[in-house]
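Structure first, commentary second.
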Amino acid sequence: MTTTDAATRSHEPSARVAPPSRVRHAAAFVGRVPFTISLLAALLLVGILTGTLTSPATEADWYETFAYGVPSFADSRWWTTITGTFLVTAPWGYLVLAVLVPLGVGWLELRRGTARAAAYFVGGQVFSVVGAAIVIAGFAEMGSYWAQTLVTQLDVGPSGGVFACLTAACASLPSPWRGRSLLVLTEYALVSLLFLGSIADVIHAVAVGMVLLINVGSFTKPTVREQRFVAVAAIVGLVAIELIASLVPTAGPFGLTDAGGIDVIDVGFDLLIVILLIAGLRRGSRVTWVIAVVLVALNVLLGALAVFLIAHPELFGTPGEYDDREGLAFAAATGFLWTVMLGWLLVCHRAFRARLRRRLPGDRGADRPGARLDETRDVIRRDGGGVLSWMATWRDNRHYFGSDPGTVVAYQLHQGVALVLGDPIAPPDRVAETLREFVDTAEHAGFVVSVFGASEASVAGMPPGWRSLQVAEDTIMDLPGLEFTGKRWAAVRGAMNRAEREGVRFRLTSLARESLAVRAQVTAISEQWVGDKGLPEMRFTLGSLDEALDPAVRLAVAETADGVVQGFLSWLPVYAPGGAPRGWTLDLMRRRDDGSFPPVMEFLIGASALAFRDEGAEFVSLSGAPLAHSAETEEEGQIEAILDRLGGILEPAYGFRSLHRFKQKFNPRPEPMYLLYSDEADLARIGIALVRAYLPDASVPQLVRAGLSIGR
């Protein structure tokens, strides 16, 4: 037995014991939710002592004494507000509370603290129980048949406080999840009240409404996309309600319906139209909005007619008796919801201005990518740009010219996503304004907007509610005073010394001015490199020989004395205002596979840096390596963790991380590059758009084969 085996076996018994760190984490978690743990323990203890853990509370002799409701308050049994809170109607209710209490009270306690959670629970429970009794008694006095059936009933349970906490927790979320979660919760409360109509449903609706009123001051105006989302969610929810109610019985303030009492054909017609409308509403189509308004208005009229007929039962020949015929109760209830929906569509009409053929006002290349490239070049030369700005002149891009003639946004359209390439091309004090103008214009036109390769300047100028995610890291070499002396430059200095010994020379030229012989060698080296990948050449932020032919692009060539090209680089200009290059961005890196000079890349980059230094340039960018970074993120979220794993999966095929490590030989300073987006729900769609931007010519079989080979 080796020493290692002995050490391993000696620790085997302790391996069965839970690690102390897990125990500490569990204890720390329990310590953060003491009120939630205490509430669950109290409910369980009362259930054991009263026997409601095994038998329904409604069958106990003491039920009417401790349950809350209009009869209890009428008899001045106000203590039932407290006693009824810790009782549960039936044993299965404990299973429901085992989920709802942690989800509502526990979640709020984690987000807002114990004191805030306790206040919302106690206040929400008391207010909702008393408020529901007042609502029921008031409707009963007005002659409501539904309320008169509830005015004699009692109920128990802590659900009012739980729903108040759940609503408060949702209200504490950042946008857009705050609005979406509150929309779902409000829809549930309204639908339950209108179509189930029990005391508990009234309590839930009062609790949700109370918290919404308390937090109304913290709500902000919904964005254009949120306005569209609410419209889509609401109209889908309404049709789903109609479909369910056509199959099962309902009860509520407007009356009763039996299963099959609703015309399934009418519901199916609404369902078909809504399915056709969803995509158009989601992207803000004006034509779709008009059709939706007509559909909703018709349902509002039907609801109003149903309310009129319910209010005049003598028209059925049975005066004085509540009667529900032809689904009038259901039509009245849904008519109320359709009215709310109509109001939303009318108030938010400005969010639905996109044409059937989506196009951005000011987009001079909307019909043909690559239009007005010369104008884009003129703006870059006149006003300057960043390390990615010259890529805006590539043929695949469209261009949005803002209200200021000196601003341009380069972008591509894929999968309904307007994918912006780098920072807007604008003076520094206009970057944020230009980005916001483009986002507003593109979203009104029905596009999802995302910025890829954004710098800190664009992050600082993001529209409110937007998020940033580091997806790459640029590597910058500062040129003033650059000398390859000292130990940290040993690899670069060694490559340049070896080149001098072996007769490998460096030339900084332009591919467009080179001889046919040199261009043929450059083309052969590039085709050999692309052919090894199994996929077409990547684009978007990665150029090709076509872009290298631009006279403004510099070509760095390493060749032997007999004219054999060992490798080459292409450099994109980074202009300062006025038209003089202040820096250069590395694009193509190609080397001959069977070359006789291995350190050709170190030699080319080092020699290029010195040449640009002598020309007066301030820096060179060695370009950002996607899904690679120098240091670990301090607080890595779930999305960052997924991207980190994706970078590892793609490494064998594209070598992003190994390329990033190679660039560290040049001692660059890192500059993070970000993906900007407004909604996490769009990330999958943005990811697909990025794949199409980088591999526009790849077929589906090629992508599948590449994915299978990468995953091995």
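Following the order of the structure tokens, first chain is A, next is B, and so on, with residues numbered from 1 inside each chain and ligands from 1 in the order they appear.
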* Do you know which residues are at most 12 Å from Ile134 of chain A counting only C-alpha atoms, after dropping those on the same chain fewer than 3 positions away, and could you put them as a PyMOL selection string? -> chain A and resi 69-71+73-74+127-131+137-141+147+150-151+199+202-203+206
Contact table segment 414-482 of chain A vs segment 669-676 of chain A, cut-off 7 Å, shortest pair per residue, only C-alpha atoms, as JSON lines:
```
{"residue": "A:Ser450", "atom": "CA", "partner": "A:Leu676", "partner_atom": "CA", "distance": 5.5}
{"residue": "A:Val451", "atom": "CA", "partner": "A:Leu676", "partner_atom": "CA", "distance": 4.9}
{"residue": "A:Phe452", "atom": "CA", "partner": "A:Leu675", "partner_atom": "CA", "distance": 4.7}
{"residue": "A:Gly453", "atom": "CA", "partner": "A:Met673", "partner_atom": "CA", "distance": 4.9}
{"residue": "A:Ala454", "atom": "CA", "partner": "A:Tyr674", "partner_atom": "CA", "distance": 4.9}
{"residue": "A:Ser455", "atom": "CA", "partner": "A:Met673", "partner_atom": "CA", "distance": 5.4}
{"residue": "A:Trp466", "atom": "CA", "partner": "A:Leu676", "partner_atom": "CA", "distance": 7.0}
{"residue": "A:Arg467", "atom": "CA", "partner": "A:Leu676", "partner_atom": "CA", "distance": 5.8}
{"residue": "A:Ser468", "atom": "CA", "partner": "A:Leu676", "partner_atom": "CA", "distance": 4.6}
{"residue": "A:Leu469", "atom": "CA", "partner": "A:Leu675", "partner_atom": "CA", "distance": 5.1}
{"residue": "A:Gln470", "atom": "CA", "partner": "A:Tyr674", "partner_atom": "CA", "distance": 4.3}
{"residue": "A:Val471", "atom": "CA", "partner": "A:Tyr674", "partner_atom": "CA", "distance": 5.5}
{"residue": "A:Ala472", "atom": "CA", "partner": "A:Met673", "partner_atom": "CA", "distance": 5.1}
{"residue": "A:Glu473", "atom": "CA", "partner": "A:Pro672", "partner_atom": "CA", "distance": 4.5}
{"residue": "A:Asp474", "atom": "CA", "partner": "A:Glu671", "partner_atom": "CA", "distance": 4.9}
{"residue": "A:Thr475", "atom": "CA", "partner": "A:Pro670", "partner_atom": "CA", "distance": 4.9}
{"residue": "A:Ile476", "atom": "CA", "partner": "A:Arg669", "partner_atom": "CA", "distance": 5.3}
{"residue": "A:Met477", "atom": "CA", "partner": "A:Arg669", "partner_atom": "CA", "distance": 6.6}
```
* In terms of the shortest atom-to-atom distance over only C-alpha atoms, which of A:Val216, A:Leu281, A:Val248, A:Ala442 is closest to Val236 of chain A? -> A:Leu281
* Asked: atom CA of Phe121 of chain A and atom CA of Ser159 of chain A are how many Å apart?
  ->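 These two atoms are separated by 9.3 Å.
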* **Shell around Trp107 of chain A at 10 Å using only C-alpha atoms, local window under 3 positions removed, as a list in words** => Val33, Thr36, Leu100, Val101, Pro102, Leu103, Gly104, Leu110, Arg111, Arg112, Gly113, Ala117, Cys165, Leu166, Ala168, Ala169 and Cys170 of chain A
* To do: For atom CA of Val504 of chain A and atom CA of Thr560 of chain A, quote the distance in Å rounded to one decimal.
  => 4.6 Å
Residues within 8 Å of Ala171 of chain A, only C-alpha atoms, excluding chain neighbours under 6 positions, as a PDB file with N, CA and C atoms, in the first residue's frame:
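And here is the file that came out, out_17.pdb:
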```pdb
ATOM      1  N   ARG A 178     -40.138  42.820 -11.781  1.00  0.00           N
ATOM      2  CA  ARG A 178     -41.122  43.346 -10.848  1.00  0.00           C
ATOM      3  C   ARG A 178     -42.490  43.446 -11.514  1.00  0.00           C
ATOM      4  N   GLY A 179     -42.535  44.108 -12.665  1.00  0.00           N
ATOM      5  CA  GLY A 179     -43.815  44.267 -13.346  1.00  0.00           C
ATOM      6  C   GLY A 179     -44.409  42.953 -13.804  1.00  0.00           C
ATOM      7  N   LEU A 182     -45.716  40.905 -10.709  1.00  0.00           N
ATOM      8  CA  LEU A 182     -46.930  41.530 -10.172  1.00  0.00           C
ATOM      9  C   LEU A 182     -48.105  41.358 -11.128  1.00  0.00           C
ATOM     10  N   LEU A 212     -50.113  46.595  -3.415  1.00  0.00           N
ATOM     11  CA  LEU A 212     -49.902  47.390  -4.626  1.00  0.00           C
ATOM     12  C   LEU A 212     -50.087  48.878  -4.337  1.00  0.00           C
ATOM     13  N   ASN A 215     -47.070  50.278  -2.409  1.00  0.00           N
ATOM     14  CA  ASN A 215     -45.845  50.402  -3.202  1.00  0.00           C
ATOM     15  C   ASN A 215     -46.031  51.168  -4.503  1.00  0.00           C
TER      16      ASN A 215
END
```
* Asked: At what distance in Å, to one decimal, does atom CA of Ala548 of chain A lie from atom CA of Ser570 of chain A?
  -> 6.3 Å
* To do: Considering only C-alpha atoms, state which residue in the set A:Phe229, A:Tyr400, A:Trp489, A:Trp571 is at the smallest distance from Phe612 of chain A.
  =>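 Using only C-alpha atoms, the shortest distance to Phe612 of chain A belongs to A:Trp571.
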* To do: Can you check which residues of segment 514-595 of chain A DSSP gives as alpha helix (DSSP H) on the backbone and send them as a ChimeraX atom specification?
  => /A:516-531,545-548
* Taking only C-alpha atoms into account, which of A:Ala689, A:Val409, A:Arg377, A:Glu59 comes nearest Asp550 of chain A? ->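 Selected residue with least distance to Asp550 of chain A: A:Arg377.
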Could you build a table of the residues in segment 511-572 of chain A lying no more than 10 Å from segment 594-600 of chain A, giving for each the nearest pair of atoms and their separation in Å rounded to one decimal place, using only C-alpha atoms, ordered by chain and ascending residue number, as a Markdown table?
```
| residue | atom | partner | partner_atom | distance |
| --- | --- | --- | --- | --- |
| A:Ile525 | CA | A:Asp594 | CA | 10.0 |
| A:Val557 | CA | A:Val600 | CA | 9.6 |
| A:Ala558 | CA | A:Val600 | CA | 7.0 |
| A:Glu559 | CA | A:Phe597 | CA | 9.4 |
| A:Thr560 | CA | A:Phe597 | CA | 9.1 |
| A:Val564 | CA | A:Gly595 | CA | 9.0 |
| A:Val565 | CA | A:Gly595 | CA | 8.5 |
| A:Gln566 | CA | A:Gly595 | CA | 5.6 |
| A:Gly567 | CA | A:Val600 | CA | 6.4 |
| A:Phe568 | CA | A:Val600 | CA | 8.5 |
```
Any chance you can output those residues with N, CA, C and O atoms as a PDB file, in the first residue's frame?
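For reference, result-v2.pdb as written:
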```pdb
ATOM      1  N   ILE A 525      -2.632  30.969 -47.365  1.00  0.00           N
ATOM      2  CA  ILE A 525      -2.477  30.792 -45.915  1.00  0.00           C
ATOM      3  C   ILE A 525      -3.828  30.934 -45.216  1.00  0.00           C
ATOM      4  O   ILE A 525      -4.184  30.154 -44.330  1.00  0.00           O
ATOM      5  N   VAL A 557       3.548  41.937 -42.687  1.00  0.00           N
ATOM      6  CA  VAL A 557       3.967  40.699 -43.344  1.00  0.00           C
ATOM      7  C   VAL A 557       5.344  40.295 -42.826  1.00  0.00           C
ATOM      8  O   VAL A 557       6.245  41.135 -42.680  1.00  0.00           O
ATOM      9  N   ALA A 558       5.478  39.000 -42.537  1.00  0.00           N
ATOM     10  CA  ALA A 558       6.786  38.422 -42.226  1.00  0.00           C
ATOM     11  C   ALA A 558       7.154  37.489 -43.376  1.00  0.00           C
ATOM     12  O   ALA A 558       6.415  36.542 -43.668  1.00  0.00           O
ATOM     13  N   GLU A 559       8.291  37.746 -44.012  1.00  0.00           N
ATOM     14  CA  GLU A 559       8.673  36.932 -45.155  1.00  0.00           C
ATOM     15  C   GLU A 559      10.181  36.681 -45.142  1.00  0.00           C
ATOM     16  O   GLU A 559      10.966  37.457 -44.576  1.00  0.00           O
ATOM     17  N   THR A 560      10.550  35.585 -45.744  1.00  0.00           N
ATOM     18  CA  THR A 560      11.966  35.230 -45.832  1.00  0.00           C
ATOM     19  C   THR A 560      12.633  36.015 -46.954  1.00  0.00           C
ATOM     20  O   THR A 560      11.957  36.710 -47.728  1.00  0.00           O
ATOM     21  N   VAL A 564       9.074  34.173 -49.354  1.00  0.00           N
ATOM     22  CA  VAL A 564       8.046  33.259 -48.840  1.00  0.00           C
ATOM     23  C   VAL A 564       7.391  33.892 -47.610  1.00  0.00           C
ATOM     24  O   VAL A 564       8.071  34.181 -46.610  1.00  0.00           O
ATOM     25  N   VAL A 565       6.085  34.110 -47.669  1.00  0.00           N
ATOM     26  CA  VAL A 565       5.343  34.716 -46.556  1.00  0.00           C
ATOM     27  C   VAL A 565       5.165  33.680 -45.450  1.00  0.00           C
ATOM     28  O   VAL A 565       4.594  32.609 -45.669  1.00  0.00           O
ATOM     29  N   GLN A 566       5.673  33.991 -44.252  1.00  0.00           N
ATOM     30  CA  GLN A 566       5.553  33.095 -43.104  1.00  0.00           C
ATOM     31  C   GLN A 566       4.277  33.353 -42.294  1.00  0.00           C
ATOM     32  O   GLN A 566       3.767  32.467 -41.622  1.00  0.00           O
ATOM     33  N   GLY A 567       3.798  34.559 -42.359  1.00  0.00           N
ATOM     34  CA  GLY A 567       2.580  34.918 -41.633  1.00  0.00           C
ATOM     35  C   GLY A 567       2.248  36.376 -41.871  1.00  0.00           C
ATOM     36  O   GLY A 567       3.068  37.142 -42.402  1.00  0.00           O
ATOM     37  N   PHE A 568       1.039  36.773 -41.490  1.00  0.00           N
ATOM     38  CA  PHE A 568       0.651  38.167 -41.685  1.00  0.00           C
ATOM     39  C   PHE A 568      -0.400  38.568 -40.651  1.00  0.00           C
ATOM     40  O   PHE A 568      -1.095  37.723 -40.061  1.00  0.00           O
TER      41      PHE A 568
END
```
* Give the strand (DSSP E or B) residues of segment 464-606 of chain A, as assigned by DSSP on the backbone, as JSON, numbers by chain. => {"A": [467, 468, 469, 470, 471, 472, 473, 474, 475, 476, 477, 478, 505, 506, 507, 508, 509, 554, 555, 556, 557, 558, 559, 565, 566, 567, 568, 569, 570, 571, 572, 573, 574, 575, 581, 582, 583, 584, 585, 586, 587, 588, 589, 590, 591]}
* **Among listed residues A:Val449, A:Phe666, A:Phe308, A:Gln227, nearest Thr485 of chain A (using only C-alpha atoms)** => A:Phe666
* **Who sits within 10 Å of Leu302 of chain A, only C-alpha atoms, same chain under 4 positions skipped, as a PyMOL selection string** => chain A and resi 296-298+306-308+328+331-332+334-335+338
Export, as a short mmCIF file (atom, residue, chain, number, x, y, z; two decimals), in the first residue's frame, the selected residues with N, CA, C and O atoms.
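That gives us again19.cif:
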```cif
data_model
loop_
_atom_site.label_atom_id
_atom_site.label_comp_id
_atom_site.auth_asym_id
_atom_site.auth_seq_id
_atom_site.Cartn_x
_atom_site.Cartn_y
_atom_site.Cartn_z
N VAL A 296 -61.13 43.12 -28.78
CA VAL A 296 -61.37 43.41 -27.36
C VAL A 296 -62.65 44.23 -27.20
O VAL A 296 -63.45 43.98 -26.29
N ALA A 297 -62.86 45.21 -28.07
CA ALA A 297 -64.05 46.05 -27.98
C ALA A 297 -65.33 45.22 -28.16
O ALA A 297 -66.34 45.46 -27.47
N LEU A 298 -65.29 44.26 -29.06
CA LEU A 298 -66.47 43.39 -29.25
C LEU A 298 -66.78 42.60 -27.97
O LEU A 298 -67.94 42.46 -27.58
N ALA A 306 -74.35 41.52 -21.32
CA ALA A 306 -74.62 40.49 -20.32
C ALA A 306 -74.98 41.12 -18.97
O ALA A 306 -75.90 40.66 -18.28
N VAL A 307 -74.27 42.18 -18.59
CA VAL A 307 -74.58 42.86 -17.33
C VAL A 307 -75.99 43.44 -17.37
O VAL A 307 -76.76 43.35 -16.39
N PHE A 308 -76.38 44.01 -18.50
CA PHE A 308 -77.72 44.57 -18.64
C PHE A 308 -78.79 43.50 -18.50
O PHE A 308 -79.81 43.69 -17.79
N LEU A 328 -74.41 34.18 -19.43
CA LEU A 328 -74.39 35.62 -19.15
C LEU A 328 -73.43 35.97 -18.02
O LEU A 328 -72.74 36.99 -18.07
N ALA A 331 -69.94 35.88 -19.36
CA ALA A 331 -69.71 37.00 -20.27
C ALA A 331 -69.55 38.31 -19.50
O ALA A 331 -68.74 39.17 -19.85
N ALA A 332 -70.33 38.47 -18.42
CA ALA A 332 -70.22 39.68 -17.61
C ALA A 332 -68.87 39.75 -16.91
O ALA A 332 -68.23 40.81 -16.86
N THR A 334 -65.97 38.17 -17.69
CA THR A 334 -64.88 38.41 -18.64
C THR A 334 -64.98 39.79 -19.28
O THR A 334 -63.97 40.38 -19.65
N GLY A 335 -66.21 40.31 -19.39
CA GLY A 335 -66.38 41.65 -19.94
C GLY A 335 -65.65 42.69 -19.11
O GLY A 335 -65.07 43.65 -19.66
N TRP A 338 -62.02 42.28 -20.04
CA TRP A 338 -61.79 42.81 -21.40
C TRP A 338 -61.79 44.34 -21.38
O TRP A 338 -61.07 44.98 -22.17
#
```
